[in-house]
$ cat final.txt   # compact mmCIF, C-alpha atoms and all ligand atoms
# COMPACT_ATOMS: atom_id res chain seq x y z
CA MET A 1 -16.27 0.56 11.73
CA SER A 2 -15.51 -1.09 8.42
CA SER A 3 -13.28 -3.96 7.43
CA VAL A 4 -10.14 -3.78 5.42
CA ARG A 5 -11.27 -4.16 1.84
CA VAL A 6 -9.35 -7.02 0.27
CA VAL A 7 -9.28 -7.48 -3.47
CA ALA A 8 -7.31 -10.06 -5.39
CA ARG A 9 -5.68 -9.39 -8.74
CA ILE A 10 -4.49 -12.26 -10.90
CA ARG A 11 -1.81 -11.15 -13.30
CA PRO A 12 -1.65 -12.36 -16.90
CA LEU A 13 0.83 -15.01 -17.98
CA LEU A 14 4.23 -13.60 -18.84
CA LYS A 15 5.89 -14.43 -22.19
CA ASN A 16 7.91 -17.24 -20.65
CA GLU A 17 4.84 -18.72 -18.98
CA ILE A 18 2.59 -19.15 -22.00
CA ASP A 19 2.94 -22.92 -21.99
CA LYS A 20 2.61 -23.17 -18.20
CA ASP A 21 -0.26 -24.62 -16.28
CA THR A 22 -2.71 -21.98 -15.00
CA ILE A 23 -3.98 -23.06 -11.61
CA VAL A 24 -5.55 -19.92 -10.15
CA ALA A 25 -9.10 -19.19 -11.28
CA ALA A 26 -11.61 -16.43 -10.55
CA GLU A 27 -15.24 -17.35 -10.00
CA SER A 28 -18.51 -15.62 -9.30
CA PRO A 29 -20.51 -16.77 -6.28
CA ASP A 30 -23.56 -17.58 -8.40
CA GLY A 31 -21.53 -19.25 -11.12
CA GLU A 32 -22.71 -16.64 -13.63
CA GLU A 33 -19.99 -15.65 -16.02
CA THR A 34 -21.37 -12.17 -16.42
CA SER A 35 -21.31 -11.14 -12.78
CA ASN A 36 -18.28 -9.87 -10.96
CA PRO A 37 -16.02 -12.56 -9.57
CA THR A 38 -15.31 -12.56 -5.84
CA ILE A 39 -13.83 -16.02 -5.43
CA VAL A 40 -10.33 -17.34 -6.07
CA ARG A 41 -10.07 -21.08 -6.60
CA ILE A 42 -6.80 -23.00 -6.37
CA PRO A 43 -6.03 -26.73 -6.22
CA ASN A 44 -4.95 -28.44 -3.04
CA PRO A 45 -1.18 -28.90 -3.52
CA LYS A 46 -1.45 -32.33 -1.94
CA ASN A 47 -4.34 -33.49 -4.08
CA ASP A 48 -5.09 -31.94 -7.44
CA ALA A 49 -8.60 -33.35 -7.45
CA GLU A 50 -9.50 -31.09 -4.54
CA SER A 51 -9.53 -27.33 -4.50
CA PHE A 52 -9.70 -24.48 -2.03
CA SER A 53 -11.75 -21.36 -2.55
CA PHE A 54 -11.30 -17.95 -0.99
CA GLN A 55 -13.83 -15.16 -1.04
CA PHE A 56 -12.79 -11.53 -1.28
CA ASN A 57 -14.52 -8.21 -1.86
CA SER A 58 -13.62 -8.46 -5.49
CA VAL A 59 -11.37 -10.45 -7.79
CA TYR A 60 -9.68 -9.01 -10.88
CA GLU A 61 -8.90 -11.46 -13.62
CA GLN A 62 -5.89 -11.59 -15.90
CA GLU A 63 -7.37 -9.22 -18.44
CA ALA A 64 -8.43 -6.54 -15.94
CA THR A 65 -6.89 -3.21 -16.85
CA GLN A 66 -5.10 -0.71 -14.64
CA GLN A 67 -7.98 1.67 -15.28
CA GLN A 68 -10.64 -0.83 -14.12
CA LEU A 69 -8.82 -1.64 -10.91
CA PHE A 70 -8.21 2.00 -10.15
CA GLU A 71 -11.73 3.19 -10.92
CA SER A 72 -13.39 0.51 -8.81
CA GLU A 73 -11.05 0.25 -5.86
CA VAL A 74 -8.99 3.37 -5.40
CA SER A 75 -10.80 6.26 -7.00
CA PRO A 76 -13.63 6.12 -4.38
CA LEU A 77 -11.03 6.79 -1.66
CA VAL A 78 -10.29 10.27 -2.95
CA LYS A 79 -13.60 11.62 -1.68
CA HIS A 80 -12.88 10.26 1.80
CA LEU A 81 -9.40 11.70 1.74
CA PHE A 82 -10.74 15.19 1.08
CA ASN A 83 -13.37 14.67 3.77
CA GLY A 84 -10.51 14.36 6.25
CA PHE A 85 -9.98 10.60 6.49
CA ASP A 86 -6.62 8.91 6.13
CA VAL A 87 -6.61 6.24 3.48
CA CYS A 88 -4.20 3.44 2.73
CA VAL A 89 -3.70 1.16 -0.26
CA PHE A 90 -1.20 -1.63 -0.08
CA ALA A 91 -0.07 -4.41 -2.39
CA TYR A 92 0.76 -7.78 -0.91
CA GLY A 93 2.10 -10.81 -2.76
CA CYS A 94 5.16 -12.78 -3.81
CA THR A 95 7.89 -11.26 -5.95
CA GLY A 96 6.84 -11.36 -9.58
CA THR A 97 3.09 -11.25 -8.98
CA GLY A 98 2.56 -7.63 -10.09
CA LYS A 99 2.74 -5.44 -6.97
CA THR A 100 4.95 -2.79 -8.53
CA HIS A 101 3.01 -3.02 -11.79
CA THR A 102 -0.21 -2.43 -9.82
CA MET A 103 1.09 0.41 -7.65
CA ARG A 104 3.44 2.20 -10.01
CA GLY A 105 2.79 0.64 -13.40
CA GLY A 106 4.40 1.38 -16.73
CA LYS A 107 5.13 4.59 -18.56
CA SER A 108 2.30 4.59 -21.09
CA LEU A 109 -1.00 6.23 -20.13
CA ALA A 110 -2.89 2.94 -20.16
CA ASP A 111 -0.21 1.20 -18.10
CA ARG A 112 -0.04 3.76 -15.32
CA GLY A 113 -0.61 2.19 -11.94
CA VAL A 114 -2.61 3.16 -8.88
CA ILE A 115 -0.20 5.83 -7.64
CA PRO A 116 0.02 8.14 -10.67
CA ARG A 117 -3.74 7.76 -11.26
CA LEU A 118 -4.48 8.56 -7.63
CA LEU A 119 -2.34 11.66 -7.72
CA SER A 120 -3.94 12.74 -10.97
CA ASN A 121 -7.35 12.55 -9.26
CA VAL A 122 -6.06 14.32 -6.17
CA TYR A 123 -4.84 17.31 -8.20
CA ARG A 124 -8.07 17.42 -10.16
CA LYS A 125 -9.98 17.52 -6.87
CA CYS A 126 -7.68 20.26 -5.53
CA ARG A 127 -8.39 22.44 -8.56
CA LYS A 128 -12.10 21.78 -8.23
CA ILE A 129 -12.19 22.74 -4.55
CA GLU A 130 -10.22 25.90 -5.18
CA LYS A 131 -12.53 26.80 -8.04
CA ASP A 132 -15.76 25.94 -6.19
CA THR A 133 -14.74 28.00 -3.17
CA ALA A 134 -13.41 30.82 -5.34
CA GLY A 135 -10.01 30.39 -3.73
CA ALA A 136 -11.33 30.52 -0.13
CA THR A 137 -10.03 26.97 0.42
CA GLN A 138 -6.40 26.40 -0.47
CA VAL A 139 -5.14 22.86 -0.86
CA GLU A 140 -1.51 21.95 -0.47
CA VAL A 141 -0.03 18.61 -1.41
CA ALA A 142 3.26 17.29 -0.06
CA MET A 143 4.89 13.90 -0.38
CA SER A 144 7.37 11.74 1.42
CA TYR A 145 8.66 8.47 0.12
CA TYR A 146 10.73 5.95 2.00
CA GLU A 147 11.57 2.30 2.18
CA ILE A 148 11.97 -0.15 4.99
CA TYR A 149 14.79 -2.55 4.38
CA CYS A 150 15.97 -5.04 7.02
CA ASP A 151 13.83 -3.19 9.58
CA ARG A 152 15.56 0.12 8.81
CA VAL A 153 13.87 3.16 7.39
CA TYR A 154 15.56 4.99 4.49
CA ASP A 155 14.43 8.21 2.91
CA LEU A 156 14.10 7.66 -0.85
CA PHE A 157 14.86 11.32 -1.45
CA GLU A 158 18.37 10.58 -0.23
CA ALA A 159 20.85 8.93 -2.58
CA PRO A 160 21.80 5.46 -1.31
CA ASP A 161 25.44 6.49 -0.71
CA LYS A 162 24.34 9.46 1.45
CA ARG A 163 22.14 7.46 3.77
CA THR A 164 22.88 6.89 7.42
CA PRO A 165 23.35 3.13 7.50
CA SER A 166 21.25 2.74 10.64
CA GLY A 167 18.30 4.48 8.98
CA LEU A 168 15.81 6.99 10.39
CA PRO A 169 14.15 6.59 13.80
CA ILE A 170 10.41 6.33 14.19
CA ARG A 171 8.24 7.48 17.06
CA ASP A 172 4.65 7.86 18.11
CA ASN A 173 2.99 11.22 17.67
CA ASN A 174 -0.59 11.56 18.90
CA GLY A 175 -1.17 7.87 18.30
CA LYS A 176 0.30 7.93 14.81
CA THR A 177 3.68 6.55 13.93
CA VAL A 178 5.97 9.07 12.28
CA VAL A 179 9.42 8.76 10.77
CA VAL A 180 11.70 11.37 12.28
CA GLY A 181 13.71 13.49 9.84
CA LEU A 182 11.92 12.32 6.72
CA THR A 183 12.02 14.71 3.78
CA GLU A 184 8.64 16.13 2.92
CA LYS A 185 8.50 17.76 -0.50
CA PRO A 186 5.68 20.06 -1.54
CA CYS A 187 4.36 19.19 -5.00
CA SER A 188 1.63 21.40 -6.36
CA THR A 189 1.14 19.80 -9.76
CA LEU A 190 1.04 16.28 -11.18
CA LYS A 191 4.16 17.04 -13.18
CA GLU A 192 6.05 18.05 -10.07
CA PHE A 193 4.86 14.95 -8.27
CA GLU A 194 5.88 12.66 -11.13
CA HIS A 195 9.30 14.21 -11.34
CA LEU A 196 9.95 13.72 -7.61
CA TYR A 197 8.44 10.23 -7.62
CA ASP A 198 10.60 9.13 -10.58
CA GLN A 199 13.72 10.58 -8.97
CA ALA A 200 13.04 8.74 -5.73
CA ASN A 201 12.35 5.53 -7.61
CA ILE A 202 15.78 5.81 -9.20
CA ASN A 203 17.22 5.85 -5.68
CA ARG A 204 15.27 2.70 -4.98
CA SER A 205 16.46 0.89 -8.07
CA THR A 206 20.07 2.04 -7.65
CA SER A 207 20.21 0.13 -4.45
CA ALA A 208 18.54 -2.75 -6.30
CA THR A 209 21.52 -3.35 -8.56
CA LYS A 210 23.96 -2.98 -5.70
CA LEU A 211 22.11 -5.10 -3.29
CA ASN A 212 20.81 -7.94 -5.34
CA ALA A 213 17.18 -7.37 -6.19
CA HIS A 214 16.90 -5.21 -3.11
CA SER A 215 13.60 -3.75 -4.31
CA SER A 216 11.76 -7.02 -3.89
CA ARG A 217 13.12 -7.19 -0.36
CA SER A 218 12.12 -3.75 0.80
CA HIS A 219 8.77 -2.17 1.56
CA ALA A 220 8.25 1.10 -0.35
CA ILE A 221 5.94 3.58 1.34
CA LEU A 222 4.63 6.68 -0.36
CA CYS A 223 2.81 9.14 1.85
CA VAL A 224 0.92 12.06 0.35
CA LYS A 225 -0.28 14.74 2.73
CA ILE A 226 -3.22 16.94 1.84
CA THR A 227 -3.66 20.18 3.76
CA GLN A 228 -6.89 22.08 3.22
CA THR A 229 -6.79 25.59 4.62
CA THR A 230 -9.54 28.16 4.90
CA GLU A 231 -9.42 31.46 6.71
CA ASP A 232 -10.58 29.67 9.88
CA THR A 233 -9.58 26.03 9.60
CA VAL A 234 -6.80 23.65 8.72
CA ARG A 235 -7.55 20.06 7.88
CA VAL A 236 -4.82 17.49 7.23
CA SER A 237 -5.28 14.00 5.86
CA ARG A 238 -2.93 11.49 4.32
CA VAL A 239 -2.93 8.75 1.75
CA SER A 240 -0.37 5.96 2.05
CA ALA A 241 0.41 3.75 -0.91
CA ILE A 242 2.60 0.79 -0.06
CA ASP A 243 4.41 -1.71 -2.25
CA LEU A 244 5.35 -4.40 0.24
CA ALA A 245 8.37 -6.69 -0.04
CA GLY A 246 7.78 -10.05 -1.69
CA SER A 247 5.94 -12.41 0.62
CA GLU A 248 7.60 -15.60 -0.69
CA ASP A 249 9.31 -17.89 1.71
CA ASN A 250 12.95 -17.16 0.89
CA ARG A 251 14.14 -20.09 2.92
CA ARG A 252 12.82 -22.45 0.30
CA THR A 253 14.59 -20.84 -2.60
CA ASP A 254 17.73 -19.32 -1.19
CA ASN A 255 20.29 -20.35 1.34
CA ASN A 256 23.07 -17.94 0.55
CA LYS A 257 24.15 -16.60 3.93
CA GLU A 258 23.99 -12.85 3.32
CA ARG A 259 20.64 -13.08 1.65
CA LEU A 260 19.37 -15.25 4.43
CA VAL A 261 20.05 -12.45 6.93
CA GLU A 262 18.18 -10.13 4.61
CA SER A 263 15.31 -12.44 4.00
CA SER A 264 14.88 -13.27 7.64
CA ALA A 265 14.49 -9.53 8.35
CA ILE A 266 11.91 -9.30 5.60
CA ASN A 267 10.26 -12.46 6.60
CA LYS A 268 10.21 -11.14 10.11
CA SER A 269 8.25 -7.99 9.26
CA LEU A 270 5.81 -9.90 7.07
CA PHE A 271 5.67 -12.57 9.74
CA VAL A 272 4.88 -9.93 12.37
CA LEU A 273 2.28 -8.49 9.99
CA ALA A 274 0.70 -11.93 9.74
CA GLN A 275 0.75 -12.24 13.54
CA CYS A 276 -0.87 -8.82 13.91
CA VAL A 277 -3.54 -9.77 11.41
CA GLU A 278 -4.14 -13.03 13.24
CA ALA A 279 -4.36 -11.28 16.62
CA ILE A 280 -6.71 -8.59 15.32
CA SER A 281 -8.97 -11.04 13.55
CA LYS A 282 -9.23 -13.06 16.78
CA LYS A 283 -9.87 -9.86 18.73
CA GLN A 284 -6.92 -10.50 21.02
CA SER A 285 -5.98 -7.67 23.32
CA ARG A 286 -2.28 -7.71 22.50
CA ILE A 287 -1.40 -6.92 18.91
CA PRO A 288 2.36 -7.20 18.28
CA TYR A 289 2.61 -4.04 16.15
CA ARG A 290 5.75 -2.86 17.87
CA GLU A 291 7.79 -5.87 16.85
CA SER A 292 8.68 -4.49 13.44
CA LYS A 293 8.91 -1.01 11.94
CA MET A 294 6.71 -1.92 9.01
CA THR A 295 3.86 -3.06 11.26
CA ARG A 296 4.23 0.04 13.44
CA ILE A 297 3.93 2.21 10.38
CA LEU A 298 1.13 0.25 8.76
CA SER A 299 -0.76 -0.03 12.09
CA LEU A 300 -3.44 -2.06 10.40
CA GLY A 301 -6.76 -1.69 12.17
CA GLN A 302 -5.52 1.13 14.42
CA ASN A 303 -5.68 4.58 12.93
CA ASN A 304 -5.80 3.81 9.30
CA GLY A 305 -9.16 5.11 8.34
CA LEU A 306 -9.94 3.31 5.12
CA THR A 307 -7.68 0.55 3.94
CA VAL A 308 -7.62 -1.41 0.70
CA MET A 309 -5.34 -4.37 0.33
CA ILE A 310 -4.58 -5.59 -3.17
CA LEU A 311 -3.50 -9.21 -3.13
CA ASN A 312 -1.39 -9.82 -6.21
CA LEU A 313 -1.35 -13.38 -7.51
CA ALA A 314 0.50 -15.19 -10.29
CA PRO A 315 -1.68 -17.80 -11.99
CA VAL A 316 0.98 -20.48 -12.53
CA ARG A 317 1.90 -23.60 -10.63
CA SER A 318 5.47 -22.59 -9.78
CA TYR A 319 3.95 -20.17 -7.23
CA HIS A 320 1.52 -22.71 -5.82
CA LEU A 321 2.55 -22.88 -2.15
CA ASP A 322 3.34 -19.18 -1.89
CA THR A 323 0.02 -18.31 -3.53
CA LEU A 324 -1.79 -20.45 -1.03
CA SER A 325 -0.02 -18.81 1.88
CA SER A 326 -0.83 -15.34 0.45
CA LEU A 327 -4.48 -16.34 0.10
CA ASN A 328 -4.58 -17.53 3.70
CA PHE A 329 -3.02 -14.29 4.88
CA ALA A 330 -5.49 -12.21 2.88
CA ASN A 331 -8.36 -14.29 4.16
CA ARG A 332 -7.55 -13.23 7.70
CA THR A 333 -6.86 -9.63 6.71
CA LYS A 334 -10.37 -9.12 5.41
CA LYS A 335 -11.73 -9.72 8.92
CA ILE A 336 -9.89 -6.72 10.33
CA GLU A 337 -12.11 -3.86 11.28
CA VAL A 338 -10.77 -0.37 11.01
CA SER A 339 -12.21 2.65 12.70
CA GLU A 340 -12.74 5.44 10.25
CA VAL A 341 -11.36 8.28 12.27
CA GLU A 342 -11.81 11.63 10.70
CA ASN A 343 -8.86 13.91 11.26
CA GLU A 344 -10.01 16.83 13.28
CA THR A 345 -10.30 20.18 11.66
CA VAL A 346 -8.09 22.58 13.51
CA TYR A 347 -9.59 26.01 14.04
CA ARG A 348 -7.28 28.87 13.37
CA ASN A 349 -9.43 31.27 15.32
CA VAL A 350 -7.65 31.72 18.69
CA ALA A 351 -10.97 31.67 20.53
CA LYS A 352 -11.13 27.92 19.86
CA PRO A 353 -9.09 25.89 22.36
CA LEU A 354 -7.23 23.72 19.84
CA ALA A 355 -5.80 26.56 17.86
CA ALA A 356 -2.87 27.56 20.01
CA THR A 357 -1.05 24.25 19.99
CA THR A 358 -1.91 22.69 16.71
CA HIS A 359 -2.53 25.27 14.11
CA PHE A 360 0.94 25.58 12.65
CA SER A 361 2.27 22.14 13.42
CA GLY A 362 0.28 20.47 10.67
CA THR A 363 -0.08 17.29 12.71
CA ASN A 364 -3.21 15.21 12.73
CA ILE A 365 -5.34 15.24 15.81
CA THR A 366 -7.46 12.14 15.96
CA ARG A 367 -10.61 11.96 17.98
CA GLN A 368 -10.37 9.45 20.76
P1 LIG B 401 6.36 -7.56 -8.10
O1 LIG B 401 6.51 -6.09 -7.89
O2 LIG B 401 5.22 -8.16 -7.33
O3 LIG B 401 7.64 -8.32 -7.88
P2 LIG B 401 6.09 -6.82 -10.87
O4 LIG B 401 5.12 -5.72 -10.75
O5 LIG B 401 7.52 -6.45 -11.08
O6 LIG B 401 5.98 -7.82 -9.64
O7 LIG B 401 5.56 -7.77 -12.05
C1 LIG B 401 6.32 -8.89 -12.53
C2 LIG B 401 6.21 -8.90 -14.06
O8 LIG B 401 4.87 -9.11 -14.45
C3 LIG B 401 6.64 -7.59 -14.68
O9 LIG B 401 7.30 -7.87 -15.89
C4 LIG B 401 5.31 -6.89 -14.95
O10 LIG B 401 5.40 -5.99 -16.02
C5 LIG B 401 4.40 -8.06 -15.26
N1 LIG B 401 3.00 -7.79 -14.88
C6 LIG B 401 2.51 -7.83 -13.63
N2 LIG B 401 1.20 -7.56 -13.60
C7 LIG B 401 0.84 -7.34 -14.86
C8 LIG B 401 -0.39 -7.01 -15.52
N3 LIG B 401 -1.54 -6.85 -14.82
N4 LIG B 401 -0.38 -6.87 -16.86
C9 LIG B 401 0.75 -7.02 -17.56
N5 LIG B 401 1.94 -7.33 -17.03
C10 LIG B 401 2.00 -7.49 -15.70
MG MG B 402 8.16 -5.04 -7.16
$ encode --input "final.txt" --output "structure tokens" --more "lines below"
Ligand code: ADP
Ligand code: MG
Amino acid sequence: MSSVRVVARIRPLLKNEIDKDTIVAAESPDGEETSNPTIVRIPNPKNDAESFSFQFNSVYEQEATQQQLFESEVSPLVKHLFNGFDVCVFAYGCTGTGKTHTMRGGKSLADRGVIPRLLSNVYRKCRKIEKDTAGATQVEVAMSYYEIYCDRVYDLFEAPDKRTPSGLPIRDNNGKTVVVGLTEKPCSTLKEFEHLYDQANINRSTSATKLNAHSSRSHAILCVKITQTTEDTVRVSRVSAIDLAGSEDNRRTDNNKERLVESSAINKSLFVLAQCVEAISKKQSRIPYRESKMTRILSLGQNNGLTVMILNLAPVRSYHLDTLSSLNFANRTKKIEVSEVENETVYRNVAKPLAATTHFSGTNITRQ
């Protein structure tokens, strides 16, 4: 068992914030400036003389680069992925705190976020395995990419005007939640992946202009499936990279009716997520996963294997209350234990009992 690894990332001040009050600070436990910070300190909104501190696995300060965050937090997951574990990285935080910047990032090499860097490492590892085994192990990579908006699941490979308004159904398959009818595209090179990923992101942003900053209100879920095949075995594992909807309390900022319907659906899934986290951290027997699609899919603490949560924070006072509520949420999340369940290798040799039913289906069989 291991806990969900929770790391906080404080974004730099934006151009229009330069003269603003910075209220979120990173600290090291021993007070040494040279050591790595693990504490976030923030004033008590009711009394500036007091402050609250929150401890995480690591805290990244304003000047931390995309490369540093990736190398320390995400790159180590690649080994586990190829050893047959599912891994999950998700970004949580209010709109404007840097979730999309962290996960997707900008176009320049230095600005690339977690997702393109992760895929770059995955392909490098694929080539290495194929080389080291002299081609005896073949690795296939396939991706699906979808969003959950108002508790409906939409395939991001489908143009917004071609979508079924009610979205795609989800169901349980061997203890894992799957989206039924989701497009899965093979992508054997980084170039192919980037092309498909960019295309799908255009579908996401097209709905953004139509639907009023839709992207901050939807959860975007990228799932990359790795299939390692030898003459005798097939091993499947998955990495999920999730850019969650903004966690701000929309009720405070917005009372337009249509957007309220939207935001209550978003708030509901994040609210259910918070309830799940609360229930898991208190070791309650009933975890309300099933009450929203996002929590069913995320299944935190169920089958996830290794999970890293990146808590994105803005350093300025205008986010004060939302930052505090994000910190409280993250504080509970870090107590969640996940079982690292290795996906079973499926033997292709018919003499082995598993082969007949599972060999060609490509589904994961998890050990109970
Ligand atoms: P979110 O997805 O959480 O709504 P964004 O990723 O869109 O937030 O970030 C909001 C703004 O802050 C964007 O203009 C983004 O480029 C900028 N930003 C966020 N994080 C960083 C960072 N670490 N370095 C530089 N700019 C950042
Ligand atoms: Mg975003």
$ closest_residue --input "final.txt" --among "A:Val4, A:Ile310, A:Ala159, A:Val139" --to "Ala91 in chain A" --atoms "all atoms listed in the file"
A:Ile310
$ closest_residue --input "final.txt" --among "A:Leu222, A:Met294, A:Cys94, A:Ala200" --to "ligand MG 402 (chain B)" --atoms "only C-alpha atoms and all ligand atoms"
A:Cys94
$ residues_around --input "final.txt" --residues "range 140-145 of chain A" --least-positions-apart "4" --cutoff "10 Å" --atoms "only C-alpha atoms" --output "PyMOL selection string"
chain A and resi 119+122-123+126+154-158+182-189+193+196-197+200-201+220-229+236+238-242
$ residues_near_point --input "final.txt" --point "(2.0, -29.0, -9.8)" --cutoff "10 Å" --atoms "only C-alpha atoms" --output "list in words"
Asp21, Thr22, Ile23, Pro43, Asn44, Pro45, Lys46, Asn47, Asp48, Val316, Arg317, Ser318, Tyr319, His320 and Leu321 of chain A
$ closest_residue --input "final.txt" --among "A:Glu61, A:Thr333, A:Ala314, A:Lys293" --to "Lys20 in chain A" --atoms "all atoms listed in the file"
A:Ala314
$ residues_near_ligand --input "final.txt" --ligand "ligand LIG 401 (chain B)" --cutoff "6 Å" --atoms "all atoms listed in the file" --output "list in words"
Arg11, Pro12, Cys94, Thr95, Gly96, Thr97, Gly98, Lys99, Thr100, His101 and Ser216 of chain A
$ atom_distance --input "final.txt" --atom1 "CA of Leu306 in chain A" --atom2 "CA of Lys334 in chain A"
12.4 Å
$ atom_distance --input "final.txt" --atom1 "CA of Gln275 in chain A" --atom2 "CA of Val178 in chain A"
22.0 Å
$ atom_distance --input "final.txt" --atom1 "CA of Phe52 in chain A" --atom2 "CA of Val40 in chain A"
8.2 Å
$ residues_near_point --input "final.txt" --point "(-4.9, 6.4, -6.6)" --cutoff "6 Å" --atoms "all atoms listed in the file" --output "PyMOL selection string"
chain A and resi 74-75+114-115+117-119
$ closest_residue --input "final.txt" --among "A:Ile18, A:Cys150, A:Ile202, A:Ala279" --to "His219 in chain A" --atoms "only C-alpha atoms"
A:Cys150
$ residues_around --input "final.txt" --residues "Thr295 in chain A" --least-positions-apart "4" --cutoff "6 Å" --atoms "all atoms listed in the file" --output "PyMOL selection string"
chain A and resi 273+289+299
$ decode --input "final.txt" --residues "range 9-69 of chain A" --atoms "C-alpha atoms" --output "short mmCIF file (atom, residue, chain, number, x, y, z; two decimals), in the first residue's frame"
data_model
loop_
_atom_site.label_atom_id
_atom_site.label_comp_id
_atom_site.auth_asym_id
_atom_site.auth_seq_id
_atom_site.Cartn_x
_atom_site.Cartn_y
_atom_site.Cartn_z
CA ARG A 9 2.84 23.87 -7.26
CA ILE A 10 2.65 27.61 -6.77
CA ARG A 11 2.48 29.41 -10.07
CA PRO A 12 4.36 32.64 -10.75
CA LEU A 13 2.59 35.99 -10.73
CA LEU A 14 0.97 36.84 -14.05
CA LYS A 15 1.68 40.19 -15.75
CA ASN A 16 -1.45 41.75 -14.32
CA GLU A 17 -0.61 40.54 -10.82
CA ILE A 18 2.86 42.01 -10.42
CA ASP A 19 1.69 44.62 -7.94
CA LYS A 20 -0.54 42.17 -6.05
CA ASP A 21 0.00 40.84 -2.59
CA THR A 22 1.62 37.38 -2.54
CA ILE A 23 0.13 35.40 0.32
CA VAL A 24 1.11 31.80 -0.42
CA ALA A 25 4.61 30.81 0.67
CA ALA A 26 6.66 27.61 0.45
CA GLU A 27 8.75 26.56 3.43
CA SER A 28 11.12 23.79 4.37
CA PRO A 29 10.39 21.86 7.55
CA ASP A 30 13.79 22.70 9.05
CA GLY A 31 13.62 26.32 7.97
CA GLU A 32 16.71 25.84 5.79
CA GLU A 33 16.47 27.72 2.55
CA THR A 34 18.57 25.20 0.73
CA SER A 35 16.46 22.14 1.42
CA ASN A 36 13.38 21.17 -0.51
CA PRO A 37 10.20 22.84 0.65
CA THR A 38 7.30 20.62 1.73
CA ILE A 39 5.13 23.17 3.50
CA VAL A 40 2.65 25.71 2.15
CA ARG A 41 1.90 28.62 4.44
CA ILE A 42 -1.11 30.90 4.01
CA PRO A 43 -2.66 33.55 6.27
CA ASN A 44 -5.88 32.96 8.13
CA PRO A 45 -8.46 34.92 6.08
CA LYS A 46 -10.08 36.05 9.31
CA ASN A 47 -6.89 37.21 10.96
CA ASP A 48 -3.83 38.14 8.94
CA ALA A 49 -1.58 37.83 11.97
CA GLU A 50 -2.23 34.09 12.05
CA SER A 51 -1.33 31.57 9.41
CA PHE A 52 -2.09 27.98 8.48
CA SER A 53 0.49 25.54 7.24
CA PHE A 54 -0.01 22.41 5.18
CA GLN A 55 2.54 19.70 4.65
CA PHE A 56 2.81 17.82 1.37
CA ASN A 57 5.24 15.39 -0.22
CA SER A 58 6.83 18.28 -2.02
CA VAL A 59 6.16 21.91 -2.83
CA TYR A 60 7.23 23.60 -6.07
CA GLU A 61 7.81 27.31 -5.87
CA GLN A 62 7.01 29.97 -8.44
CA GLU A 63 10.29 29.56 -10.28
CA ALA A 64 10.12 25.75 -10.57
CA THR A 65 10.37 24.70 -14.19
CA GLN A 66 8.24 22.22 -16.12
CA GLN A 67 11.34 20.04 -16.40
CA GLN A 68 11.96 19.99 -12.62
CA LEU A 69 8.38 19.05 -11.81
#
